[in-house]
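J.: Take a look at the following structure, please.
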Amino acid sequence: MNRRFVAVIGGAVLALSVAACGGEGAGGGTEESAAPEDLTIGVSMPTQTSERWIADGDSVREQLEELGYGVELQYANNDIPTQSQQVDQMITQGADVLIIAAIDGTALSSQLQAAADADIPVIAYDRLIRDSEHVDFYVSFDNYRVGVAQAEALLTGLGLRTADGQPGDAAGPFTIELFAGSLDDNNAHFFFDGAMDTLQPYIDDGSLVVRSGQTDIEQVAILRWEQETAQRRMEDLLTSSYNDGSRVDGVLSPYDGLSRGIITALQNAGYGAAGNPMAVVTGQDAEIASVKLISDGVQNSTIFKDTRLLAEQAVVAAEAFLGGEEPEANDTETYDNGVKVVPSYLLPVETVYADDIQPILVDSGYFTAEEVAAGQTES
Ligand code: BGC
């Protein structure tokens, strides 16, 4: 609750200390006694097709502007060359810090080299940037835990496990299918690993059966996290593996957009109608359309990641760099980007079932009750 307040105090302290010491920050453009008003933070986001990135961009911008910084916020339309170009431009225009949520975590090495040459600190936002030593900090959530939580929700929805982690009443076997995110997104691997570590014992003892046999991440990944691609894959799975009158009981889905594509495919095949219950479908991000589906009993659950808190950590890290300091990490082991372990600040996540919408999403002001009922946000 007071975290934003702390950030504001941090900003005031920074302005004072920079003025008092005449110290130069880590940012190349940081002049002696630079005030926030004289500093610009470049913020590069992947796409506006998913609500979560719009919320992230808005939160980062608002929080930086509240502290007086100039903000250059760009969305790259999920197009890698566009993102590279936008980051290049932020560098040539003299950004003092870069905050980047990469589309393809391996595609920004030359931009990061240019940033390092200009002494501009780079903060990887939610998605780790790989294959470069010039990633200075990483802010994200506990991504392995997201996958565990998704798998636990699937097991709970099927009745193999209770919500508090005890063995459930059901014995199975249940049929399931697996989906993963985009292979070029480091997070997709963490989500899938967390989920599979949790599901594997049930697959091994026969209580879960992946009827298609597709259990490798390469087989189940959805490029760029596209909803339509997920819908098509689910349609293909229903045709290829469930055309003998059998049902798919559950679907591991790592992101609400994919979940909506999967649910559409299932509904088109008659799931959710009388006598043919909807399969248990998981999700992530608490997108408003999916929160409504959860509230209506169509989607099982989502994993809530509070983008306001993530934005705040990015802002705190940016301020640390501008003050010539290293941001405080709470994980210095997990995120090896292929060249180095990037110091990270990871936030916790929460599973949201229908009963959790009010206490977790509405009471915290993330959505209003009206937005949940309408399935869309007001702005
Ligand atoms: C994020 C998820 C999001 C996915 C698709 C991942 O990198 O961590 O929150 O669902 O991208 O946008």
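Residues in the structure tokens are named by chain (A, B, ... in the order shown) and by number from 1 within that chain; ligands are numbered from 1 in the order shown.
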With only C-alpha atoms and all ligand atoms counted, collect every polymer residue having an atom within 10 Å of ligand 1; state the result as a PyMOL selection string.
T.: chain A and resi 46-53+78+101-105+125-128+140-143+146+181-182+184-191+224-226+253-258+283-287+303-307
J.: Give me the residues near Glu72 (chain A) as a PyMOL selection string, where near means some atom within 8 Å (using only C-alpha atoms) and where sequence neighbours in that chain fewer than 5 positions away do not count.
T.: chain A and resi 40-43+90
J.: From a DSSP pass on the backbone, collect the residues of region 92-280 of chain A flagged as alpha helix (DSSP H) and hand them back as a PyMOL selection string.
T.: chain A and resi 92+109-117+143-158+186-204+217-220+227-241+256-268
J.: Region 325-336 of chain A: which residues within 8 Å, counting only C-alpha atoms, same-chain residues fewer than 2 positions away excluded, as a list of chain:residue names?
T.: A:Gly25, A:Ala26, A:Leu128, A:Phe137, A:Val316, A:Ala317, A:Ala318, A:Ala320, A:Phe321, A:Leu322, A:Gly323, A:Gly338, A:Val339, A:Lys340, A:Val341, A:Val342, A:Pro343, A:Ser344, A:Tyr345, A:Leu346
J.: I need the residues from that last selection saved to file as an mmCIF file, in the first residue's frame (with C-alpha atoms), if you can.
T.:
data_model
loop_
_atom_site.group_PDB
_atom_site.id
_atom_site.type_symbol
_atom_site.label_atom_id
_atom_site.label_comp_id
_atom_site.auth_asym_id
_atom_site.auth_seq_id
_atom_site.Cartn_x
_atom_site.Cartn_y
_atom_site.Cartn_z
ATOM 1 C CA GLY A 25 24.572 8.466 -12.252
ATOM 2 C CA ALA A 26 25.097 5.269 -14.168
ATOM 3 C CA LEU A 128 14.724 -11.847 -19.639
ATOM 4 C CA PHE A 137 18.915 -5.901 -13.980
ATOM 5 C CA VAL A 316 12.844 1.690 -8.235
ATOM 6 C CA ALA A 317 15.602 -0.034 -10.240
ATOM 7 C CA ALA A 318 15.791 2.839 -12.736
ATOM 8 C CA ALA A 320 18.908 3.266 -8.301
ATOM 9 C CA PHE A 321 20.884 3.299 -11.555
ATOM 10 C CA LEU A 322 20.338 7.026 -11.971
ATOM 11 C CA GLY A 323 21.651 7.499 -8.464
ATOM 12 C CA GLY A 338 23.401 -17.535 -21.477
ATOM 13 C CA VAL A 339 26.227 -15.093 -20.738
ATOM 14 C CA LYS A 340 25.732 -14.194 -17.098
ATOM 15 C CA VAL A 341 23.340 -14.544 -14.205
ATOM 16 C CA VAL A 342 21.284 -11.364 -14.205
ATOM 17 C CA PRO A 343 20.476 -9.957 -10.742
ATOM 18 C CA SER A 344 16.724 -10.018 -10.394
ATOM 19 C CA TYR A 345 13.837 -8.757 -8.348
ATOM 20 C CA LEU A 346 11.033 -11.329 -8.467
#
J.: Which residues are near Thr351 (chain A)? Cut-off 8 Å, only C-alpha atoms, ignore same chain within fewer than 6 positions. Put them as a ChimeraX atom specification.
T.: /A:149-150,153,301-304
J.: Could you pull out the residues in region 84-332 of chain A that DSSP calls strand (DSSP E or B) from the backbone, as a PyMOL selection string?
T.: chain A and resi 97-100+122-125+137-141+161+167+174-178+180+208-210+221+250-252+273+276+280-281+302-304+331
J.: Would you output that residue set with N, CA, C and O atoms, as a short mmCIF file (atom, residue, chain, number, x, y, z; two decimals), in the first residue's frame?
T.:
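Everything below was put into out-v3.cif:
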data_model
loop_
_atom_site.label_atom_id
_atom_site.label_comp_id
_atom_site.auth_asym_id
_atom_site.auth_seq_id
_atom_site.Cartn_x
_atom_site.Cartn_y
_atom_site.Cartn_z
N VAL A 97 17.97 5.69 -19.12
CA VAL A 97 17.80 4.29 -18.70
C VAL A 97 16.84 3.66 -19.70
O VAL A 97 15.96 4.35 -20.23
N LEU A 98 17.03 2.37 -19.97
CA LEU A 98 16.08 1.65 -20.83
C LEU A 98 15.37 0.57 -20.01
O LEU A 98 16.03 -0.17 -19.27
N ILE A 99 14.07 0.50 -20.18
CA ILE A 99 13.26 -0.58 -19.58
C ILE A 99 12.64 -1.33 -20.75
O ILE A 99 11.87 -0.74 -21.52
N ILE A 100 13.00 -2.61 -20.90
CA ILE A 100 12.61 -3.32 -22.13
C ILE A 100 11.92 -4.64 -21.81
O ILE A 100 12.48 -5.51 -21.13
N VAL A 122 20.37 -1.00 -18.67
CA VAL A 122 19.23 -1.69 -19.27
C VAL A 122 18.57 -2.58 -18.23
O VAL A 122 19.22 -3.42 -17.60
N ILE A 123 17.27 -2.38 -18.08
CA ILE A 123 16.47 -3.21 -17.17
C ILE A 123 15.57 -4.08 -18.04
O ILE A 123 14.76 -3.57 -18.83
N ALA A 124 15.72 -5.40 -17.92
CA ALA A 124 14.82 -6.31 -18.63
C ALA A 124 13.53 -6.39 -17.83
O ALA A 124 13.55 -6.68 -16.63
N TYR A 125 12.43 -6.11 -18.51
CA TYR A 125 11.12 -6.02 -17.85
C TYR A 125 10.32 -7.28 -18.13
O TYR A 125 9.94 -7.55 -19.27
N PHE A 137 19.82 -5.50 -15.06
CA PHE A 137 18.92 -5.90 -13.98
C PHE A 137 17.67 -6.52 -14.62
O PHE A 137 17.35 -6.25 -15.78
N TYR A 138 16.98 -7.34 -13.85
CA TYR A 138 15.77 -8.01 -14.34
C TYR A 138 14.68 -7.89 -13.30
O TYR A 138 14.91 -8.22 -12.12
N VAL A 139 13.53 -7.37 -13.70
CA VAL A 139 12.38 -7.37 -12.78
C VAL A 139 11.30 -8.28 -13.37
O VAL A 139 10.99 -8.20 -14.55
N SER A 140 10.79 -9.17 -12.56
CA SER A 140 9.79 -10.11 -13.06
C SER A 140 9.04 -10.72 -11.89
O SER A 140 9.11 -10.22 -10.76
N PHE A 141 8.32 -11.80 -12.19
CA PHE A 141 7.64 -12.56 -11.15
C PHE A 141 8.37 -13.88 -11.01
O PHE A 141 9.30 -14.16 -11.76
N ARG A 161 -6.44 -33.14 -6.58
CA ARG A 161 -5.76 -32.45 -5.49
C ARG A 161 -6.76 -31.47 -4.89
O ARG A 161 -7.60 -30.94 -5.62
N PRO A 167 -4.29 -34.76 -1.30
CA PRO A 167 -4.83 -35.58 -2.39
C PRO A 167 -6.34 -35.40 -2.51
O PRO A 167 -7.04 -35.33 -1.49
N PHE A 174 -7.71 -38.96 -16.13
CA PHE A 174 -8.26 -37.83 -16.86
C PHE A 174 -7.41 -37.57 -18.10
O PHE A 174 -6.19 -37.71 -18.05
N THR A 175 -8.08 -37.16 -19.17
CA THR A 175 -7.34 -36.79 -20.38
C THR A 175 -7.03 -35.30 -20.32
O THR A 175 -7.90 -34.49 -19.96
N ILE A 176 -5.82 -34.95 -20.69
CA ILE A 176 -5.45 -33.53 -20.72
C ILE A 176 -4.64 -33.24 -21.99
O ILE A 176 -4.13 -34.15 -22.64
N GLU A 177 -4.57 -31.95 -22.32
CA GLU A 177 -3.65 -31.48 -23.36
C GLU A 177 -2.85 -30.31 -22.79
O GLU A 177 -3.29 -29.64 -21.86
N LEU A 178 -1.67 -30.11 -23.35
CA LEU A 178 -0.73 -29.11 -22.83
C LEU A 178 -0.47 -28.02 -23.87
O LEU A 178 -0.35 -28.33 -25.07
N ALA A 180 2.05 -24.38 -24.40
CA ALA A 180 3.12 -23.52 -23.87
C ALA A 180 3.13 -22.22 -24.67
O ALA A 180 2.51 -22.13 -25.73
N LEU A 208 -3.20 -38.99 -15.11
CA LEU A 208 -3.36 -38.03 -16.21
C LEU A 208 -2.85 -38.68 -17.49
O LEU A 208 -1.78 -39.31 -17.49
N VAL A 209 -3.59 -38.49 -18.57
CA VAL A 209 -3.17 -39.04 -19.87
C VAL A 209 -3.18 -37.91 -20.90
O VAL A 209 -4.23 -37.28 -21.11
N VAL A 210 -2.03 -37.64 -21.49
CA VAL A 210 -2.00 -36.66 -22.57
C VAL A 210 -2.29 -37.44 -23.85
O VAL A 210 -1.42 -38.09 -24.42
N ALA A 221 4.21 -25.46 -28.10
CA ALA A 221 4.43 -24.01 -28.01
C ALA A 221 3.58 -23.26 -29.03
O ALA A 221 3.30 -23.76 -30.12
N GLY A 250 -9.10 -31.68 -19.31
CA GLY A 250 -8.40 -30.48 -18.84
C GLY A 250 -7.36 -30.01 -19.84
O GLY A 250 -6.85 -30.80 -20.64
N VAL A 251 -7.09 -28.70 -19.81
CA VAL A 251 -6.09 -28.14 -20.71
C VAL A 251 -5.19 -27.21 -19.91
O VAL A 251 -5.67 -26.27 -19.26
N LEU A 252 -3.88 -27.48 -19.95
CA LEU A 252 -2.92 -26.57 -19.33
C LEU A 252 -2.68 -25.44 -20.30
O LEU A 252 -2.12 -25.64 -21.38
N ALA A 273 -21.99 -27.18 -23.04
CA ALA A 273 -23.45 -27.32 -23.22
C ALA A 273 -23.96 -28.37 -22.24
O ALA A 273 -23.16 -29.06 -21.60
N ASN A 276 -22.41 -31.83 -21.22
CA ASN A 276 -21.04 -31.88 -21.77
C ASN A 276 -20.23 -30.76 -21.13
O ASN A 276 -20.01 -29.70 -21.74
N VAL A 280 -11.48 -28.29 -17.83
CA VAL A 280 -10.79 -27.41 -16.88
C VAL A 280 -9.66 -26.70 -17.64
O VAL A 280 -8.73 -27.35 -18.11
N VAL A 281 -9.77 -25.38 -17.79
CA VAL A 281 -8.77 -24.62 -18.56
C VAL A 281 -8.12 -23.58 -17.64
O VAL A 281 -8.83 -22.79 -17.00
N THR A 302 -6.98 -18.24 -13.26
CA THR A 302 -5.89 -17.51 -13.89
C THR A 302 -4.83 -17.27 -12.84
O THR A 302 -5.07 -17.48 -11.64
N ILE A 303 -3.65 -16.87 -13.28
CA ILE A 303 -2.60 -16.49 -12.33
C ILE A 303 -2.47 -14.97 -12.40
O ILE A 303 -2.20 -14.42 -13.48
N PHE A 304 -2.68 -14.33 -11.27
CA PHE A 304 -2.64 -12.86 -11.22
C PHE A 304 -1.23 -12.39 -10.93
O PHE A 304 -0.60 -12.82 -9.97
N ASP A 331 17.03 -12.08 -5.99
CA ASP A 331 17.42 -13.37 -6.58
C ASP A 331 18.65 -13.14 -7.44
O ASP A 331 18.62 -12.33 -8.37
#
J.: Write out as number ranges by chain each polymer residue whose atoms come within 12 Å of Ser240 (chain A), counting only C-alpha atoms; drop sequence neighbours fewer than 6 positions from it.
T.: A: 211-214, 233-234, 246, 248
J.: What gap, in Å, lies between CA of Asp249 (chain A) and CA of Leu183 (chain A)?
T.: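 Distance between the two atoms: 25.7 Å.
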